[in-house]
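For reference, the structure is listed below as structure tokens.
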Amino acid sequence: MPYTRKGMLLVISGPSGAGKGTLCTQLLQEDPRFEFSVSATTRGRREGEENGKHYHFLSGDEFQRHVDNGDFLECALVHGNRYGTLREEVRRLLEAERDVLLDIDSQGARSVAAAMPDCVTVFILPPSYATLRKRLHTRNTDQQSEIERRLNNAKGEIDQLAKYQYVIVNDTVDKSMALLRSIVAAERQRTTRFIPDIPVE
């Protein structure tokens with residue numbers, strides 16, 4: 001049966017340490033229809049990160065030029081650094097009938113949802129604040145002061161939960177991935193994205 005399929009924009013958010021990065025990485029590895037939209041940031045590059053793969057690392061002036069030109073679908077100040085999603089990158093992928101994955105904060109997710117109401121929003125929730133603190137310490141990428149700031153910010157981010165269409169409590173990766181796959185499968189069958197052309201005979 002012939003059909004038309006439109007690309008889906010999947011927005012995933014959650015506090016630092018909730019595990020959204022792990023879920024996004026696994027989804028991209030196992031689902032070839034997804035493309036990751038690489039965000040721009042003024043944050044310094046961490047060990048092992050590559051420019052253009054993990055983020056577009058920009059200076060403050062470069063970032064501001066993009067803001068002035070209206071190049072961002074959304075941009076926000078998060079944990080003292082600026083982050084943004086390049087509008088043209090998302091548009092190009094969706095027009096190529098690709099599904100696009102955004103891993104962004106709550107503020108950015110609200111902006112994307114306002115600009116693109118057809119997007120799918122998922123919030124990744126840690127099972128407890130104690131688990132969140134342990135995960136932030138275990139990944140060993142931030143100073144103690146930064147960990148405390150991220151924990152404090154997590155409370156405000158979790159308060160935005162009701163503004164998302166779906167929530168996943170990430171107690172184990174296997175359970176969370178099963179739920180994420182179910183969400184993706186259902187959303188791909190929406191009549192706004194999957195349009196079958198049923199033959200008359």
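Naming works like this for the structure tokens: A, B, ... for the chains as they're shown, residue 1 at the start of each chain, ligands 1 onward in shown order.
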Which of region 12-190 of chain A end up as strand (DSSP E or B) when DSSP is run on this backbone - answer as a compact mmCIF listing (two decimals) with N, CA, C and O atoms, in the first residue's frame?
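Saved as part-v5.txt:
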```txt
# COMPACT_ATOMS: atom_id res chain seq x y z
N ILE A 12 13.11 15.48 24.04
CA ILE A 12 13.32 14.78 25.30
C ILE A 12 14.02 15.72 26.28
O ILE A 12 15.03 16.32 25.95
N SER A 13 13.45 15.84 27.47
CA SER A 13 14.01 16.69 28.52
C SER A 13 14.07 15.94 29.83
O SER A 13 13.49 14.87 29.98
N PHE A 34 15.92 7.88 13.03
CA PHE A 34 16.15 9.07 13.82
C PHE A 34 17.48 9.73 13.49
O PHE A 34 18.48 9.06 13.26
N GLU A 35 17.47 11.05 13.49
CA GLU A 35 18.67 11.86 13.40
C GLU A 35 18.72 12.75 14.64
O GLU A 35 17.69 13.24 15.10
N PHE A 36 19.92 12.97 15.15
CA PHE A 36 20.09 13.83 16.31
C PHE A 36 20.38 15.25 15.85
O PHE A 36 21.28 15.48 15.04
N ALA A 40 23.76 23.98 19.63
CA ALA A 40 24.89 24.90 19.79
C ALA A 40 25.00 25.29 21.26
O ALA A 40 24.00 25.36 21.97
N THR A 41 26.22 25.51 21.72
CA THR A 41 26.41 25.91 23.12
C THR A 41 27.67 26.75 23.29
O THR A 41 28.62 26.64 22.50
N ASN A 51 33.36 18.63 18.33
CA ASN A 51 32.59 19.73 17.78
C ASN A 51 31.81 19.25 16.55
O ASN A 51 32.34 18.58 15.67
N TYR A 55 28.06 18.74 20.25
CA TYR A 55 27.52 20.10 20.21
C TYR A 55 28.25 20.88 19.13
O TYR A 55 29.35 20.50 18.70
N HIS A 56 27.64 22.00 18.72
CA HIS A 56 28.37 23.02 17.99
C HIS A 56 28.90 23.97 19.05
O HIS A 56 28.13 24.75 19.64
N PHE A 57 30.19 23.91 19.34
CA PHE A 57 30.77 24.74 20.39
C PHE A 57 31.08 26.12 19.82
O PHE A 57 31.88 26.26 18.88
N PHE A 72 17.91 30.46 15.64
CA PHE A 72 17.58 29.43 16.62
C PHE A 72 16.08 29.18 16.69
O PHE A 72 15.28 30.11 16.75
N LEU A 73 15.72 27.90 16.71
CA LEU A 73 14.35 27.52 17.00
C LEU A 73 14.04 27.80 18.47
O LEU A 73 12.93 28.16 18.84
N GLU A 74 15.04 27.61 19.30
CA GLU A 74 14.96 27.95 20.72
C GLU A 74 16.37 28.17 21.22
O GLU A 74 17.33 27.62 20.68
N CYS A 75 16.50 29.00 22.23
CA CYS A 75 17.79 29.14 22.91
C CYS A 75 17.53 29.54 24.35
O CYS A 75 16.50 30.15 24.66
N ALA A 76 18.45 29.16 25.22
CA ALA A 76 18.22 29.39 26.64
C ALA A 76 19.55 29.45 27.37
O ALA A 76 20.58 28.96 26.88
N LEU A 77 19.50 30.05 28.54
CA LEU A 77 20.64 30.06 29.46
C LEU A 77 20.43 28.96 30.48
O LEU A 77 19.42 28.97 31.21
N VAL A 78 21.33 27.98 30.50
CA VAL A 78 21.18 26.81 31.37
C VAL A 78 22.48 26.59 32.13
O VAL A 78 23.55 26.46 31.51
N ASN A 81 25.43 28.62 31.03
CA ASN A 81 25.88 28.56 29.64
C ASN A 81 24.68 28.69 28.70
O ASN A 81 23.55 28.38 29.08
N ARG A 82 24.93 29.13 27.47
CA ARG A 82 23.85 29.30 26.50
C ARG A 82 23.77 28.07 25.58
O ARG A 82 24.81 27.53 25.17
N TYR A 83 22.55 27.65 25.29
CA TYR A 83 22.30 26.51 24.41
C TYR A 83 21.23 26.92 23.39
O TYR A 83 20.34 27.71 23.70
N GLY A 84 21.32 26.36 22.20
CA GLY A 84 20.31 26.68 21.20
C GLY A 84 20.18 25.59 20.15
O GLY A 84 21.14 24.85 19.88
N THR A 85 18.98 25.49 19.56
CA THR A 85 18.70 24.54 18.48
C THR A 85 18.60 25.30 17.18
O THR A 85 17.77 26.20 17.05
N LEU A 86 19.43 24.95 16.22
CA LEU A 86 19.46 25.65 14.94
C LEU A 86 18.24 25.27 14.11
O LEU A 86 18.02 24.11 13.78
N ASP A 99 13.06 11.43 11.18
CA ASP A 99 12.61 11.77 12.52
C ASP A 99 13.78 12.44 13.23
O ASP A 99 14.93 12.01 13.12
N VAL A 100 13.47 13.50 13.96
CA VAL A 100 14.51 14.33 14.57
C VAL A 100 14.40 14.25 16.09
O VAL A 100 13.31 14.38 16.66
N LEU A 101 15.53 14.04 16.75
CA LEU A 101 15.58 13.95 18.20
C LEU A 101 16.28 15.18 18.78
O LEU A 101 17.39 15.52 18.37
N LEU A 102 15.60 15.84 19.72
CA LEU A 102 16.17 16.97 20.45
C LEU A 102 16.31 16.59 21.92
O LEU A 102 15.34 16.16 22.54
N ASP A 103 17.49 16.75 22.48
CA ASP A 103 17.75 16.57 23.90
C ASP A 103 18.00 17.96 24.46
O ASP A 103 19.10 18.49 24.37
N VAL A 120 6.59 15.94 19.64
CA VAL A 120 6.28 15.00 20.72
C VAL A 120 7.23 15.28 21.87
O VAL A 120 8.45 15.31 21.69
N THR A 121 6.68 15.51 23.07
CA THR A 121 7.51 15.89 24.22
C THR A 121 7.49 14.80 25.28
O THR A 121 6.44 14.31 25.67
N VAL A 122 8.69 14.43 25.73
CA VAL A 122 8.85 13.37 26.74
C VAL A 122 9.77 13.88 27.83
O VAL A 122 10.86 14.40 27.55
N PHE A 123 9.36 13.72 29.09
CA PHE A 123 10.17 14.13 30.23
C PHE A 123 10.73 12.89 30.91
O PHE A 123 9.98 11.96 31.23
N ILE A 124 12.04 12.86 31.13
CA ILE A 124 12.70 11.75 31.80
C ILE A 124 12.88 12.13 33.27
O ILE A 124 13.57 13.10 33.60
N LEU A 125 12.25 11.35 34.14
CA LEU A 125 12.21 11.66 35.56
C LEU A 125 13.07 10.67 36.34
O LEU A 125 12.95 9.47 36.13
N TYR A 166 4.31 13.15 27.68
CA TYR A 166 4.64 11.85 28.26
C TYR A 166 5.71 12.02 29.35
O TYR A 166 6.51 12.96 29.30
N VAL A 167 5.72 11.08 30.29
CA VAL A 167 6.78 11.04 31.30
C VAL A 167 7.25 9.60 31.44
O VAL A 167 6.45 8.66 31.38
N ILE A 168 8.56 9.44 31.61
CA ILE A 168 9.16 8.13 31.86
C ILE A 168 9.99 8.24 33.14
O ILE A 168 10.88 9.09 33.23
N VAL A 169 9.68 7.40 34.13
CA VAL A 169 10.50 7.33 35.34
C VAL A 169 11.65 6.37 35.06
O VAL A 169 11.44 5.17 34.89
```
Which residues are close to Pro2 (chain A), i.e. within 8 Å by only C-alpha atoms, leaving aside same-chain residues fewer than 6 positions away? Reply as a PDB file with N, CA and C atoms, in the first residue's frame.
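The result, stored in around.pdb:
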```pdb
ATOM      1  N   PRO A 196      -1.896   6.753   4.710  1.00  0.00           N
ATOM      2  CA  PRO A 196      -1.966   5.669   3.735  1.00  0.00           C
ATOM      3  C   PRO A 196      -2.888   6.030   2.567  1.00  0.00           C
ATOM      4  N   ASP A 197      -2.548   5.511   1.399  1.00  0.00           N
ATOM      5  CA  ASP A 197      -3.360   5.722   0.207  1.00  0.00           C
ATOM      6  C   ASP A 197      -3.979   4.373  -0.162  1.00  0.00           C
ATOM      7  N   ILE A 198      -5.201   4.142   0.327  1.00  0.00           N
ATOM      8  CA  ILE A 198      -5.849   2.837   0.151  1.00  0.00           C
ATOM      9  C   ILE A 198      -6.347   2.695  -1.287  1.00  0.00           C
TER      10      ILE A 198
END
```
> Quick one: DSSP helix (DSSP H, G or I) residues in chain A, as number ranges by chain?
Replying inline: A: 20-30, 60-68, 87-95, 106-115, 129-139, 144-158, 161-163, 173-188
>> Could you list, as a PyMOL selection string, every residue within 10 Å of Ala18 (chain A), counting only C-alpha atoms and ignoring same-chain residues fewer than 2 positions away?
In response: chain A and resi 13-16+20-23+123-129+131-133+135-136+154+169-171
Next, write the just-selected residues to a file, as a PDB file, in the first residue's frame, keeping N, CA and C atoms as the atom set.
```pdb
ATOM      1  N   SER A  13      13.445  15.837  27.475  1.00  0.00           N
ATOM      2  CA  SER A  13      14.011  16.694  28.517  1.00  0.00           C
ATOM      3  C   SER A  13      14.072  15.940  29.832  1.00  0.00           C
ATOM      4  N   GLY A  14      14.742  16.550  30.776  1.00  0.00           N
ATOM      5  CA  GLY A  14      14.848  15.990  32.116  1.00  0.00           C
ATOM      6  C   GLY A  14      16.033  16.618  32.809  1.00  0.00           C
ATOM      7  N   PRO A  15      16.080  16.570  34.115  1.00  0.00           N
ATOM      8  CA  PRO A  15      17.206  17.169  34.838  1.00  0.00           C
ATOM      9  C   PRO A  15      18.510  16.440  34.567  1.00  0.00           C
ATOM     10  N   SER A  16      19.610  17.142  34.747  1.00  0.00           N
ATOM     11  CA  SER A  16      20.927  16.525  34.594  1.00  0.00           C
ATOM     12  C   SER A  16      21.049  15.334  35.534  1.00  0.00           C
ATOM     13  N   LYS A  20      18.679  10.930  30.506  1.00  0.00           N
ATOM     14  CA  LYS A  20      18.124  11.166  29.175  1.00  0.00           C
ATOM     15  C   LYS A  20      19.172  10.991  28.086  1.00  0.00           C
ATOM     16  N   GLY A  21      20.427  11.327  28.384  1.00  0.00           N
ATOM     17  CA  GLY A  21      21.486  11.150  27.391  1.00  0.00           C
ATOM     18  C   GLY A  21      21.681   9.695  27.017  1.00  0.00           C
ATOM     19  N   THR A  22      21.630   8.810  28.009  1.00  0.00           N
ATOM     20  CA  THR A  22      21.763   7.374  27.759  1.00  0.00           C
ATOM     21  C   THR A  22      20.618   6.865  26.888  1.00  0.00           C
ATOM     22  N   LEU A  23      19.387   7.295  27.191  1.00  0.00           N
ATOM     23  CA  LEU A  23      18.225   6.858  26.421  1.00  0.00           C
ATOM     24  C   LEU A  23      18.288   7.402  24.992  1.00  0.00           C
ATOM     25  N   PHE A 123       9.355  13.724  29.087  1.00  0.00           N
ATOM     26  CA  PHE A 123      10.172  14.132  30.230  1.00  0.00           C
ATOM     27  C   PHE A 123      10.726  12.889  30.914  1.00  0.00           C
ATOM     28  N   ILE A 124      12.041  12.865  31.127  1.00  0.00           N
ATOM     29  CA  ILE A 124      12.699  11.750  31.804  1.00  0.00           C
ATOM     30  C   ILE A 124      12.877  12.125  33.271  1.00  0.00           C
ATOM     31  N   LEU A 125      12.246  11.354  34.140  1.00  0.00           N
ATOM     32  CA  LEU A 125      12.209  11.664  35.564  1.00  0.00           C
ATOM     33  C   LEU A 125      13.071  10.668  36.339  1.00  0.00           C
ATOM     34  N   PRO A 126      13.931  11.136  37.239  1.00  0.00           N
ATOM     35  CA  PRO A 126      14.671  10.190  38.087  1.00  0.00           C
ATOM     36  C   PRO A 126      13.728   9.598  39.133  1.00  0.00           C
ATOM     37  N   PRO A 127      14.002   8.406  39.625  1.00  0.00           N
ATOM     38  CA  PRO A 127      13.122   7.805  40.629  1.00  0.00           C
ATOM     39  C   PRO A 127      13.136   8.544  41.967  1.00  0.00           C
ATOM     40  N   SER A 128      14.209   9.297  42.256  1.00  0.00           N
ATOM     41  CA  SER A 128      14.284  10.070  43.497  1.00  0.00           C
ATOM     42  C   SER A 128      15.411  11.094  43.375  1.00  0.00           C
ATOM     43  N   TYR A 129      15.381  12.093  44.252  1.00  0.00           N
ATOM     44  CA  TYR A 129      16.471  13.064  44.274  1.00  0.00           C
ATOM     45  C   TYR A 129      17.761  12.421  44.753  1.00  0.00           C
ATOM     46  N   THR A 131      18.746   9.382  44.088  1.00  0.00           N
ATOM     47  CA  THR A 131      19.298   8.713  42.908  1.00  0.00           C
ATOM     48  C   THR A 131      19.944   9.731  41.974  1.00  0.00           C
ATOM     49  N   LEU A 132      19.301  10.882  41.833  1.00  0.00           N
ATOM     50  CA  LEU A 132      19.840  11.932  40.967  1.00  0.00           C
ATOM     51  C   LEU A 132      21.192  12.399  41.478  1.00  0.00           C
ATOM     52  N   ARG A 133      21.292  12.634  42.774  1.00  0.00           N
ATOM     53  CA  ARG A 133      22.561  13.072  43.359  1.00  0.00           C
ATOM     54  C   ARG A 133      23.656  12.020  43.135  1.00  0.00           C
ATOM     55  N   ARG A 135      23.848   9.768  40.765  1.00  0.00           N
ATOM     56  CA  ARG A 135      24.235   9.700  39.360  1.00  0.00           C
ATOM     57  C   ARG A 135      25.150  10.859  38.978  1.00  0.00           C
ATOM     58  N   LEU A 136      24.856  12.043  39.506  1.00  0.00           N
ATOM     59  CA  LEU A 136      25.694  13.201  39.193  1.00  0.00           C
ATOM     60  C   LEU A 136      27.104  13.018  39.740  1.00  0.00           C
ATOM     61  N   ALA A 154      17.150  21.123  39.243  1.00  0.00           N
ATOM     62  CA  ALA A 154      16.287  19.977  38.938  1.00  0.00           C
ATOM     63  C   ALA A 154      14.884  20.159  39.511  1.00  0.00           C
ATOM     64  N   VAL A 169       9.681   7.395  34.125  1.00  0.00           N
ATOM     65  CA  VAL A 169      10.498   7.329  35.339  1.00  0.00           C
ATOM     66  C   VAL A 169      11.651   6.373  35.061  1.00  0.00           C
ATOM     67  N   ASN A 170      12.845   6.912  34.999  1.00  0.00           N
ATOM     68  CA  ASN A 170      14.001   6.137  34.554  1.00  0.00           C
ATOM     69  C   ASN A 170      14.689   5.452  35.734  1.00  0.00           C
ATOM     70  N   ASP A 171      14.062   4.340  36.191  1.00  0.00           N
ATOM     71  CA  ASP A 171      14.718   3.562  37.240  1.00  0.00           C
ATOM     72  C   ASP A 171      15.657   2.526  36.654  1.00  0.00           C
TER      73      ASP A 171
END
```
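Using only C-alpha atoms for every distance, the candidate list A:Gly17, A:Ala115, A:Arg91, A:Arg33 yields A:Gly17 as the residue closest to Ala130 (chain A).
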> So what do you get for CA of Ser182 (chain A) versus CA of Tyr164 (chain A), distance-wise?
Replying inline: 16.2 Å
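Our summary of the geometry notes that CA of Leu93 (chain A) is positioned 28.3 Å from CA of Glu47 (chain A).
The smallest atom-to-atom distance between Arg87 (chain A) and any of A:Ser39, A:Asp61, A:Pro32, A:Asp118, using only C-alpha atoms, is found for A:Ser39.
Distance check against Leu9 (chain A) using only C-alpha atoms: of A:Cys119, A:Ala109, A:Leu58, A:Ala178, the minimum falls on A:Cys119.
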Using only C-alpha atoms, determine which residues lie at most 10 Å from Gln160 (chain A), disregarding the query and same-chain residues fewer than 2 positions distant; provide the list as a CSV table (one decimal) with N, CA and C atoms, in the first residue's frame.
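Below is the file that was written, part.csv:
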```csv
chain,number,residue,atom,x,y,z
A,14,GLY,N,14.7,16.6,30.8
A,14,GLY,CA,14.8,16.0,32.1
A,14,GLY,C,16.0,16.6,32.8
A,106,SER,N,14.0,22.2,29.8
A,106,SER,CA,12.6,22.5,29.9
A,106,SER,C,12.2,23.8,29.3
A,107,GLN,N,13.1,24.8,29.5
A,107,GLN,CA,12.8,26.1,28.9
A,107,GLN,C,12.8,26.0,27.3
A,110,ARG,N,9.7,24.2,25.9
A,110,ARG,CA,8.5,25.0,25.8
A,110,ARG,C,8.6,25.9,24.6
A,123,PHE,N,9.4,13.7,29.1
A,123,PHE,CA,10.2,14.1,30.2
A,123,PHE,C,10.7,12.9,30.9
A,155,LYS,N,14.8,20.8,40.7
A,155,LYS,CA,13.5,21.0,41.3
A,155,LYS,C,12.6,21.8,40.4
A,156,GLY,N,13.1,22.9,39.9
A,156,GLY,CA,12.4,23.8,39.0
A,156,GLY,C,12.0,23.1,37.7
A,157,GLU,N,12.9,22.2,37.2
A,157,GLU,CA,12.7,21.5,35.9
A,157,GLU,C,11.5,20.5,36.1
A,158,ILE,N,11.6,19.8,37.2
A,158,ILE,CA,10.6,18.8,37.5
A,158,ILE,C,9.2,19.4,37.7
A,162,ALA,N,4.1,18.6,34.0
A,162,ALA,CA,2.7,18.5,33.5
A,162,ALA,C,2.6,19.2,32.1
A,163,LYS,N,3.6,19.9,31.7
A,163,LYS,CA,3.6,20.6,30.4
A,163,LYS,C,4.0,19.6,29.2
A,164,TYR,N,4.5,18.4,29.6
A,164,TYR,CA,4.9,17.4,28.6
A,164,TYR,C,3.8,16.4,28.3
```
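CA of Leu161 (chain A) is positioned 22.9 Å from CA of Glu146 (chain A).
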>> Taking 6 positions as the minimum chain separation for residues in the same chain, which residues sit within 9 Å of region 188-190 of chain A when counting only C-alpha atoms? Answer as a list in words.
In response: Arg5, Lys6, Gly7 and Met8 of chain A
